[in-house]
>>> print(open('input-v6.pdb').read())   # PDB, C-alpha atoms
ATOM      1  CA  MET A 288     -24.085  65.987  19.936  1.00  0.00           C
ATOM      2  CA  TRP A 289     -22.712  62.681  21.205  1.00  0.00           C
ATOM      3  CA  ARG A 290     -22.198  62.143  24.930  1.00  0.00           C
ATOM      4  CA  THR A 291     -20.335  59.395  26.729  1.00  0.00           C
ATOM      5  CA  ILE A 292     -22.624  57.485  29.100  1.00  0.00           C
ATOM      6  CA  PRO A 293     -20.826  55.519  31.858  1.00  0.00           C
ATOM      7  CA  ILE A 294     -21.634  51.806  32.026  1.00  0.00           C
ATOM      8  CA  GLY A 295     -24.567  51.188  34.322  1.00  0.00           C
ATOM      9  CA  TYR A 296     -25.745  54.812  34.137  1.00  0.00           C
ATOM     10  CA  LYS A 297     -29.491  55.407  33.892  1.00  0.00           C
ATOM     11  CA  GLN A 298     -31.241  58.665  33.154  1.00  0.00           C
ATOM     12  CA  ASN A 299     -34.967  58.402  33.856  1.00  0.00           C
ATOM     13  CA  GLY A 300     -37.377  59.915  31.382  1.00  0.00           C
ATOM     14  CA  ARG A 301     -34.711  60.589  28.775  1.00  0.00           C
ATOM     15  CA  GLY A 302     -34.702  57.174  27.114  1.00  0.00           C
ATOM     16  CA  ILE A 303     -31.125  56.442  28.164  1.00  0.00           C
ATOM     17  CA  SER A 304     -30.618  53.143  29.923  1.00  0.00           C
ATOM     18  CA  THR A 305     -27.898  50.529  30.063  1.00  0.00           C
ATOM     19  CA  SER A 306     -28.895  46.869  30.263  1.00  0.00           C
ATOM     20  CA  PRO A 307     -27.913  45.219  33.569  1.00  0.00           C
ATOM     21  CA  ASP A 308     -26.282  42.420  31.559  1.00  0.00           C
ATOM     22  CA  ILE A 309     -24.083  44.883  29.703  1.00  0.00           C
ATOM     23  CA  ALA A 310     -23.385  46.911  32.828  1.00  0.00           C
ATOM     24  CA  SER A 311     -22.168  43.816  34.644  1.00  0.00           C
ATOM     25  CA  GLY A 312     -20.026  42.717  31.693  1.00  0.00           C
ATOM     26  CA  THR A 313     -21.661  39.289  31.411  1.00  0.00           C
ATOM     27  CA  ARG A 314     -22.391  39.635  27.673  1.00  0.00           C
ATOM     28  CA  CYS A 315     -19.197  41.293  26.503  1.00  0.00           C
ATOM     29  CA  ALA A 316     -17.842  38.001  25.135  1.00  0.00           C
ATOM     30  CA  ASN A 317     -20.600  38.006  22.516  1.00  0.00           C
ATOM     31  CA  TRP A 318     -19.818  41.462  21.172  1.00  0.00           C
ATOM     32  CA  PRO A 319     -18.420  41.646  17.597  1.00  0.00           C
ATOM     33  CA  SER A 320     -14.651  42.043  17.351  1.00  0.00           C
ATOM     34  CA  ARG A 321     -12.314  43.074  14.563  1.00  0.00           C
ATOM     35  CA  ILE A 322     -10.769  39.990  12.924  1.00  0.00           C
ATOM     36  CA  LYS A 323      -8.935  39.253   9.691  1.00  0.00           C
ATOM     37  CA  LYS A 324     -11.131  38.203   6.778  1.00  0.00           C
ATOM     38  CA  ARG A 325     -10.778  34.725   5.324  1.00  0.00           C
ATOM     39  CA  MET A 326     -10.625  35.607   1.648  1.00  0.00           C
ATOM     40  CA  GLY A 327     -12.105  33.514  -1.146  1.00  0.00           C
ATOM     41  CA  TYR A 328     -13.057  33.811  -4.806  1.00  0.00           C
ATOM     42  CA  GLN A 329     -16.420  35.400  -5.522  1.00  0.00           C
ATOM     43  CA  GLU A 330     -16.767  33.121  -8.573  1.00  0.00           C
ATOM     44  CA  ARG A 331     -17.043  29.984  -6.455  1.00  0.00           C
ATOM     45  CA  ASP A 332     -20.362  28.150  -6.509  1.00  0.00           C
ATOM     46  CA  PRO A 333     -21.836  27.086  -3.140  1.00  0.00           C
ATOM     47  CA  LEU A 334     -23.707  24.190  -4.763  1.00  0.00           C
ATOM     48  CA  GLN A 335     -20.555  22.783  -6.360  1.00  0.00           C
ATOM     49  CA  ARG A 336     -18.669  23.175  -3.086  1.00  0.00           C
ATOM     50  CA  ARG A 337     -21.344  21.251  -1.186  1.00  0.00           C
ATOM     51  CA  ARG A 338     -21.354  18.559  -3.865  1.00  0.00           C
ATOM     52  CA  PHE A 339     -17.576  18.164  -3.560  1.00  0.00           C
ATOM     53  CA  LEU A 340     -17.759  17.962   0.233  1.00  0.00           C
ATOM     54  CA  ARG A 341     -20.476  15.299   0.049  1.00  0.00           C
ATOM     55  CA  LEU A 342     -18.464  13.209  -2.415  1.00  0.00           C
ATOM     56  CA  ARG A 343     -15.289  13.527  -0.373  1.00  0.00           C
ATOM     57  CA  GLU A 344     -17.108  12.510   2.797  1.00  0.00           C
ATOM     58  CA  ARG A 345     -18.637   9.525   1.010  1.00  0.00           C
ATOM     59  CA  PHE A 346     -15.219   8.286  -0.140  1.00  0.00           C
ATOM     60  CA  LEU A 347     -13.657   8.862   3.283  1.00  0.00           C
ATOM     61  CA  ARG A 348     -16.387   6.803   4.927  1.00  0.00           C
ATOM     62  CA  ARG A 349     -15.486   3.985   2.567  1.00  0.00           C
ATOM     63  CA  GLY A 350     -11.954   4.033   3.935  1.00  0.00           C
ATOM     64  CA  LYS A 351     -10.254   6.091   1.232  1.00  0.00           C
ATOM     65  CA  GLN A 352      -7.174   8.052   2.296  1.00  0.00           C
ATOM     66  CA  PRO A 353      -6.996  11.567   0.790  1.00  0.00           C
ATOM     67  CA  VAL A 354      -3.983  12.691  -1.216  1.00  0.00           C
ATOM     68  CA  TYR A 355      -4.035  16.406  -2.025  1.00  0.00           C
ATOM     69  CA  ILE A 356      -1.998  17.760  -4.951  1.00  0.00           C
ATOM     70  CA  ASP A 357      -1.182  21.313  -5.985  1.00  0.00           C
ATOM     71  CA  GLU A 358       1.501  23.682  -7.213  1.00  0.00           C
ATOM     72  CA  CYS A 359       2.755  27.067  -6.072  1.00  0.00           C
ATOM     73  CA  GLY A 360       5.260  29.616  -7.333  1.00  0.00           C
ATOM     74  CA  PHE A 361       8.108  31.497  -5.655  1.00  0.00           C
ATOM     75  CA  ALA A 362       9.591  34.803  -6.761  1.00  0.00           C
ATOM     76  CA  PRO A 363      13.361  34.805  -7.488  1.00  0.00           C
ATOM     77  CA  SER A 364      13.988  36.760  -4.298  1.00  0.00           C
ATOM     78  CA  THR A 365      12.029  37.898  -1.297  1.00  0.00           C
ATOM     79  CA  VAL A 366      12.200  40.619   1.335  1.00  0.00           C
ATOM     80  CA  ARG A 367      10.570  40.942   4.713  1.00  0.00           C
ATOM     81  CA  ARG A 368       7.337  42.902   4.610  1.00  0.00           C
ATOM     82  CA  TYR A 369       7.910  44.456   8.042  1.00  0.00           C
ATOM     83  CA  GLY A 370      10.855  46.192   9.699  1.00  0.00           C
ATOM     84  CA  TYR A 371      11.784  48.275  12.740  1.00  0.00           C
ATOM     85  CA  ALA A 372      12.179  52.055  12.842  1.00  0.00           C
ATOM     86  CA  PRO A 373      11.680  54.926  15.278  1.00  0.00           C
ATOM     87  CA  LYS A 374       8.065  55.963  15.624  1.00  0.00           C
ATOM     88  CA  GLY A 375       6.935  58.174  12.766  1.00  0.00           C
ATOM     89  CA  GLN A 376       9.654  57.030  10.339  1.00  0.00           C
ATOM     90  CA  ARG A 377       9.169  54.799   7.317  1.00  0.00           C
ATOM     91  CA  VAL A 378      11.063  51.618   6.547  1.00  0.00           C
ATOM     92  CA  ASP A 379      12.070  51.245   2.901  1.00  0.00           C
ATOM     93  CA  GLY A 380      12.753  47.929   1.196  1.00  0.00           C
ATOM     94  CA  LEU A 381      14.492  47.487  -2.148  1.00  0.00           C
ATOM     95  CA  VAL A 382      13.662  44.811  -4.695  1.00  0.00           C
ATOM     96  CA  SER A 383      15.033  44.074  -8.142  1.00  0.00           C
ATOM     97  CA  GLY A 384      13.237  45.678 -11.064  1.00  0.00           C
ATOM     98  CA  HIS A 385      14.415  42.972 -13.484  1.00  0.00           C
ATOM     99  CA  ARG A 386      12.103  40.095 -14.266  1.00  0.00           C
ATOM    100  CA  ARG A 387      13.599  36.687 -13.609  1.00  0.00           C
ATOM    101  CA  PRO A 388      12.112  33.188 -13.904  1.00  0.00           C
ATOM    102  CA  ARG A 389      10.018  32.032 -10.974  1.00  0.00           C
ATOM    103  CA  THR A 390      10.572  28.731  -9.226  1.00  0.00           C
ATOM    104  CA  SER A 391       7.603  26.380  -9.059  1.00  0.00           C
ATOM    105  CA  LEU A 392       6.868  23.613  -6.587  1.00  0.00           C
ATOM    106  CA  ILE A 393       4.727  20.520  -7.144  1.00  0.00           C
ATOM    107  CA  ALA A 394       3.924  18.452  -4.078  1.00  0.00           C
ATOM    108  CA  ALA A 395       1.317  16.242  -2.468  1.00  0.00           C
ATOM    109  CA  ARG A 396      -0.088  16.126   1.048  1.00  0.00           C
ATOM    110  CA  MET A 397      -0.393  12.521   2.134  1.00  0.00           C
ATOM    111  CA  ASP A 398      -0.808  10.972   5.595  1.00  0.00           C
ATOM    112  CA  GLY A 399      -0.555  14.438   7.140  1.00  0.00           C
ATOM    113  CA  GLN A 400       2.803  15.230   5.525  1.00  0.00           C
ATOM    114  CA  LEU A 401       4.149  17.080   2.507  1.00  0.00           C
ATOM    115  CA  VAL A 402       5.558  14.399   0.191  1.00  0.00           C
ATOM    116  CA  GLU A 403       7.362  14.203  -3.139  1.00  0.00           C
ATOM    117  CA  PRO A 404       8.155  17.926  -3.460  1.00  0.00           C
ATOM    118  CA  CYS A 405       9.663  18.874  -6.805  1.00  0.00           C
ATOM    119  CA  LEU A 406      11.197  22.309  -7.482  1.00  0.00           C
ATOM    120  CA  PHE A 407      11.794  23.527 -11.030  1.00  0.00           C
ATOM    121  CA  LYS A 408      12.243  26.766 -12.942  1.00  0.00           C
ATOM    122  CA  GLY A 409       9.303  28.213 -14.833  1.00  0.00           C
ATOM    123  CA  THR A 410       5.643  27.294 -14.691  1.00  0.00           C
ATOM    124  CA  CYS A 411       3.891  23.947 -14.692  1.00  0.00           C
ATOM    125  CA  ASP A 412       2.313  22.327 -17.740  1.00  0.00           C
ATOM    126  CA  THR A 413       0.856  18.941 -18.648  1.00  0.00           C
ATOM    127  CA  VAL A 414       4.215  17.389 -19.584  1.00  0.00           C
ATOM    128  CA  VAL A 415       5.917  18.443 -16.349  1.00  0.00           C
ATOM    129  CA  PHE A 416       2.961  17.482 -14.181  1.00  0.00           C
ATOM    130  CA  ASN A 417       2.521  14.036 -15.716  1.00  0.00           C
ATOM    131  CA  ALA A 418       6.261  13.346 -15.472  1.00  0.00           C
ATOM    132  CA  TRP A 419       6.154  14.148 -11.737  1.00  0.00           C
ATOM    133  CA  LEU A 420       2.979  12.132 -11.305  1.00  0.00           C
ATOM    134  CA  GLN A 421       4.341   9.052 -13.068  1.00  0.00           C
ATOM    135  CA  THR A 422       7.818   9.001 -11.525  1.00  0.00           C
ATOM    136  CA  ARG A 423       7.212  10.433  -8.044  1.00  0.00           C
ATOM    137  CA  LEU A 424       3.651  10.108  -6.781  1.00  0.00           C
ATOM    138  CA  CYS A 425       2.119   7.143  -8.614  1.00  0.00           C
ATOM    139  CA  PRO A 426       4.541   4.615  -7.056  1.00  0.00           C
ATOM    140  CA  ARG A 427       3.050   5.608  -3.677  1.00  0.00           C
ATOM    141  CA  LEU A 428      -0.602   5.309  -4.699  1.00  0.00           C
ATOM    142  CA  THR A 429      -2.842   2.305  -4.097  1.00  0.00           C
ATOM    143  CA  ALA A 430      -6.526   1.486  -4.365  1.00  0.00           C
ATOM    144  CA  HIS A 431      -6.993   2.938  -0.875  1.00  0.00           C
ATOM    145  CA  HIS A 432      -6.144   6.486  -1.982  1.00  0.00           C
ATOM    146  CA  LEU A 433      -8.374   9.355  -3.084  1.00  0.00           C
ATOM    147  CA  VAL A 434      -6.430  11.852  -5.216  1.00  0.00           C
ATOM    148  CA  ILE A 435      -7.808  15.390  -4.901  1.00  0.00           C
ATOM    149  CA  MET A 436      -6.685  18.369  -6.990  1.00  0.00           C
ATOM    150  CA  ASP A 437      -8.121  21.405  -8.754  1.00  0.00           C
ATOM    151  CA  ASN A 438      -9.285  21.446 -12.357  1.00  0.00           C
ATOM    152  CA  ALA A 439      -6.332  23.363 -13.805  1.00  0.00           C
ATOM    153  CA  THR A 440      -5.887  22.632 -17.507  1.00  0.00           C
ATOM    154  CA  PHE A 441      -2.736  20.558 -16.991  1.00  0.00           C
ATOM    155  CA  HIS A 442      -4.561  18.408 -14.396  1.00  0.00           C
ATOM    156  CA  THR A 443      -7.361  17.344 -16.724  1.00  0.00           C
ATOM    157  CA  SER A 444      -5.591  15.541 -19.568  1.00  0.00           C
ATOM    158  CA  PRO A 445      -6.697  11.966 -20.371  1.00  0.00           C
ATOM    159  CA  GLU A 446      -3.148  10.748 -19.673  1.00  0.00           C
ATOM    160  CA  THR A 447      -3.286  12.205 -16.156  1.00  0.00           C
ATOM    161  CA  ALA A 448      -6.507  10.349 -15.403  1.00  0.00           C
ATOM    162  CA  GLN A 449      -5.066   7.122 -16.840  1.00  0.00           C
ATOM    163  CA  LEU A 450      -1.914   7.358 -14.712  1.00  0.00           C
ATOM    164  CA  ILE A 451      -3.972   7.691 -11.532  1.00  0.00           C
ATOM    165  CA  LYS A 452      -6.475   5.019 -12.545  1.00  0.00           C
ATOM    166  CA  ALA A 453      -3.661   2.546 -13.267  1.00  0.00           C
ATOM    167  CA  THR A 454      -2.664   2.654  -9.587  1.00  0.00           C
ATOM    168  CA  GLY A 455      -6.192   1.770  -8.479  1.00  0.00           C
ATOM    169  CA  ALA A 456      -6.634   5.178  -6.819  1.00  0.00           C
ATOM    170  CA  THR A 457      -9.742   7.324  -7.251  1.00  0.00           C
ATOM    171  CA  LEU A 458      -9.594  10.835  -8.736  1.00  0.00           C
ATOM    172  CA  LEU A 459     -11.767  13.666  -7.400  1.00  0.00           C
ATOM    173  CA  PHE A 460     -11.583  17.279  -8.552  1.00  0.00           C
ATOM    174  CA  LEU A 461     -12.064  20.186  -6.189  1.00  0.00           C
ATOM    175  CA  ALA A 462     -14.977  22.536  -6.699  1.00  0.00           C
ATOM    176  CA  PRO A 463     -13.877  25.403  -8.999  1.00  0.00           C
ATOM    177  CA  TYR A 464     -12.326  28.449  -7.307  1.00  0.00           C
ATOM    178  CA  SER A 465     -12.057  26.603  -3.992  1.00  0.00           C
ATOM    179  CA  PRO A 466      -8.373  26.367  -2.977  1.00  0.00           C
ATOM    180  CA  ASP A 467      -9.470  26.795   0.644  1.00  0.00           C
ATOM    181  CA  LEU A 468     -10.749  23.210   0.519  1.00  0.00           C
ATOM    182  CA  ASN A 469      -7.231  21.935  -0.218  1.00  0.00           C
ATOM    183  CA  PRO A 470      -5.151  21.722   3.006  1.00  0.00           C
ATOM    184  CA  ILE A 471      -1.869  21.718   1.075  1.00  0.00           C
ATOM    185  CA  GLU A 472      -2.386  25.459   0.598  1.00  0.00           C
ATOM    186  CA  ARG A 473      -1.537  25.913   4.277  1.00  0.00           C
ATOM    187  CA  ASP A 474       1.755  24.084   3.711  1.00  0.00           C
ATOM    188  CA  PHE A 475       2.585  26.443   0.861  1.00  0.00           C
ATOM    189  CA  ALA A 476       1.760  29.466   3.024  1.00  0.00           C
ATOM    190  CA  VAL A 477       4.141  28.237   5.740  1.00  0.00           C
ATOM    191  CA  LEU A 478       6.933  27.651   3.208  1.00  0.00           C
ATOM    192  CA  LYS A 479       6.570  31.161   1.802  1.00  0.00           C
ATOM    193  CA  LYS A 480       6.629  32.668   5.280  1.00  0.00           C
ATOM    194  CA  ARG A 481       9.752  30.703   6.229  1.00  0.00           C
ATOM    195  CA  ARG A 482      11.490  31.799   3.070  1.00  0.00           C
ATOM    196  CA  GLU A 483      10.694  35.395   3.917  1.00  0.00           C
ATOM    197  CA  TYR A 484      12.461  35.119   7.277  1.00  0.00           C
ATOM    198  CA  GLN A 485      15.264  32.733   6.281  1.00  0.00           C
ATOM    199  CA  GLU A 486      16.956  34.892   3.681  1.00  0.00           C
ATOM    200  CA  GLN A 487      20.240  32.968   3.716  1.00  0.00           C
ATOM    201  CA  ALA A 488      18.667  29.530   3.220  1.00  0.00           C
ATOM    202  CA  THR A 489      18.028  28.094  -0.212  1.00  0.00           C
ATOM    203  CA  LEU A 490      14.496  27.242  -1.229  1.00  0.00           C
ATOM    204  CA  ASP A 491      15.512  23.603  -1.519  1.00  0.00           C
ATOM    205  CA  ASP A 492      16.772  23.593   2.090  1.00  0.00           C
ATOM    206  CA  ILE A 493      13.575  25.230   3.349  1.00  0.00           C
ATOM    207  CA  VAL A 494      11.384  22.639   1.647  1.00  0.00           C
ATOM    208  CA  LYS A 495      13.511  19.727   2.908  1.00  0.00           C
ATOM    209  CA  ALA A 496      13.450  21.050   6.477  1.00  0.00           C
ATOM    210  CA  TYR A 497       9.664  21.320   6.359  1.00  0.00           C
ATOM    211  CA  GLN A 498       9.087  17.680   5.417  1.00  0.00           C
TER     212      GLN A 498
END
>>> encode(input="input-v6.pdb", output="structure tokens")
Amino acid sequence: MWRTIPIGYKQNGRGISTSPDIASGTRCANWPSRIKKRMGYQERDPLQRRRFLRLRERFLRRGKQPVYIDECGFAPSTVRRYGYAPKGQRVDGLVSGHRRPRTSLIAARMDGQLVEPCLFKGTCDTVVFNAWLQTRLCPRLTAHHLVIMDNATFHTSPETAQLIKATGATLLFLAPYSPDLNPIERDFAVLKKRREYQEQATLDDIVKAYQ
């Protein structure tokens, strides 16, 4: 049967003793605490991640300026995930059961800012991505830039590589299953949170206000 032993209590001959450090509270800061997990894909390869980090560091030491690219999707509508109610009562939220096209966003993170955001209906493909790259981002790129993105199928076409190479910039792919190494993901998370709490604002207005 479990018993509660007060801090600092000692019971001789019974094997019950509290460390003086614990009794005085000097080591409490080192105790484990409950924190939110930082989720990642189990398919990611530690060796490939280390290789990417080494290459990125090598280019940065040479004076390259990173430009991170990615896409994200937004549902047609959103509702707040939390609400207020008297204790013991549930809060119900209603969403549409009809499927409607999602809105996608392509953008780059450059010089610490979200740049060249482009919203469109549907999902991204090679044609859409290369059109955005050629008309929006490439005019900004120079030989001093290091373009970093994941290896999605529509990122790996020969035309994509040629467009980036023509600017003098260097292309580096992220390690597979490693979106956590792309800081633009944090921008996307903020945009989705703002949309959740700014129900009356359009997605276009939210993105513009964030820039």
>>> residues_around(input="input-v6.pdb", residues="stretch 415-418 of chain A", least_positions_apart="2", cutoff="12 Å", atoms="only C-alpha atoms", output="JSON, numbers by chain")
{"A": [356, 357, 358, 391, 392, 393, 394, 395, 404, 405, 406, 407, 408, 409, 410, 411, 412, 413, 420, 421, 422, 423, 424, 425, 439, 440, 441, 442, 443, 444, 445, 446, 447, 448, 449, 450, 451]}
>>> atom_distance(input="input-v6.pdb", atom1="atom CA of A:Val402", atom2="atom CA of A:Gln498")
7.1 Å
>>> atom_distance(input="input-v6.pdb", atom1="atom CA of A:His432", atom2="atom CA of A:Phe361")
29.0 Å
>>> atom_distance(input="input-v6.pdb", atom1="atom CA of A:Arg348", atom2="atom CA of A:His431")
11.7 Å
>>> resolve_selection(input="input-v6.pdb", expression="the PyMOL selection byres ((chain A and resi 352-354) around 9)", output="PyMOL selection string")
chain A and resi 343+346-347+350-351+355-356+395-398+428+431-436
>>> residues_around(input="input-v6.pdb", residues="stretch 467-481 of chain A", least_positions_apart="2", cutoff="7 Å", atoms="all atoms listed in the file", output="short mmCIF file (atom, residue, chain, number, x, y, z; two decimals) with C-alpha atoms, in the coordinates of the input")
data_model
loop_
_atom_site.label_atom_id
_atom_site.label_comp_id
_atom_site.auth_asym_id
_atom_site.auth_seq_id
_atom_site.Cartn_x
_atom_site.Cartn_y
_atom_site.Cartn_z
CA TYR A 355 -4.04 16.41 -2.02
CA CYS A 359 2.76 27.07 -6.07
CA ARG A 396 -0.09 16.13 1.05
CA SER A 465 -12.06 26.60 -3.99
CA GLU A 483 10.69 35.40 3.92
CA TYR A 484 12.46 35.12 7.28
CA GLN A 485 15.26 32.73 6.28
CA VAL A 494 11.38 22.64 1.65
#
>>> resolve_selection(input="input-v6.pdb", expression="the PyMOL selection byres ((chain A and resi 461) around 6)", output="PDB file with C-alpha atoms, in the coordinates of the input")
ATOM      1  CA  MET A 436      -6.685  18.369  -6.990  1.00  0.00           C
ATOM      2  CA  ASP A 437      -8.121  21.405  -8.754  1.00  0.00           C
ATOM      3  CA  PHE A 460     -11.583  17.279  -8.552  1.00  0.00           C
ATOM      4  CA  ALA A 462     -14.977  22.536  -6.699  1.00  0.00           C
TER       5      ALA A 462
END
>>> closest_residue(input="input-v6.pdb", among="A:Glu486, A:Asn438, A:Ala430, A:Asp492", to="A:Arg349", atoms="all atoms listed in the file")
A:Ala430
>>> residues_around(input="input-v6.pdb", residues="A:Leu334", least_positions_apart="4", cutoff="12 Å", atoms="only C-alpha atoms", output="list in words")
Glu330, Arg338, Phe339, Leu340, Arg341, Ala462, Pro463 and Ser465 of chain A
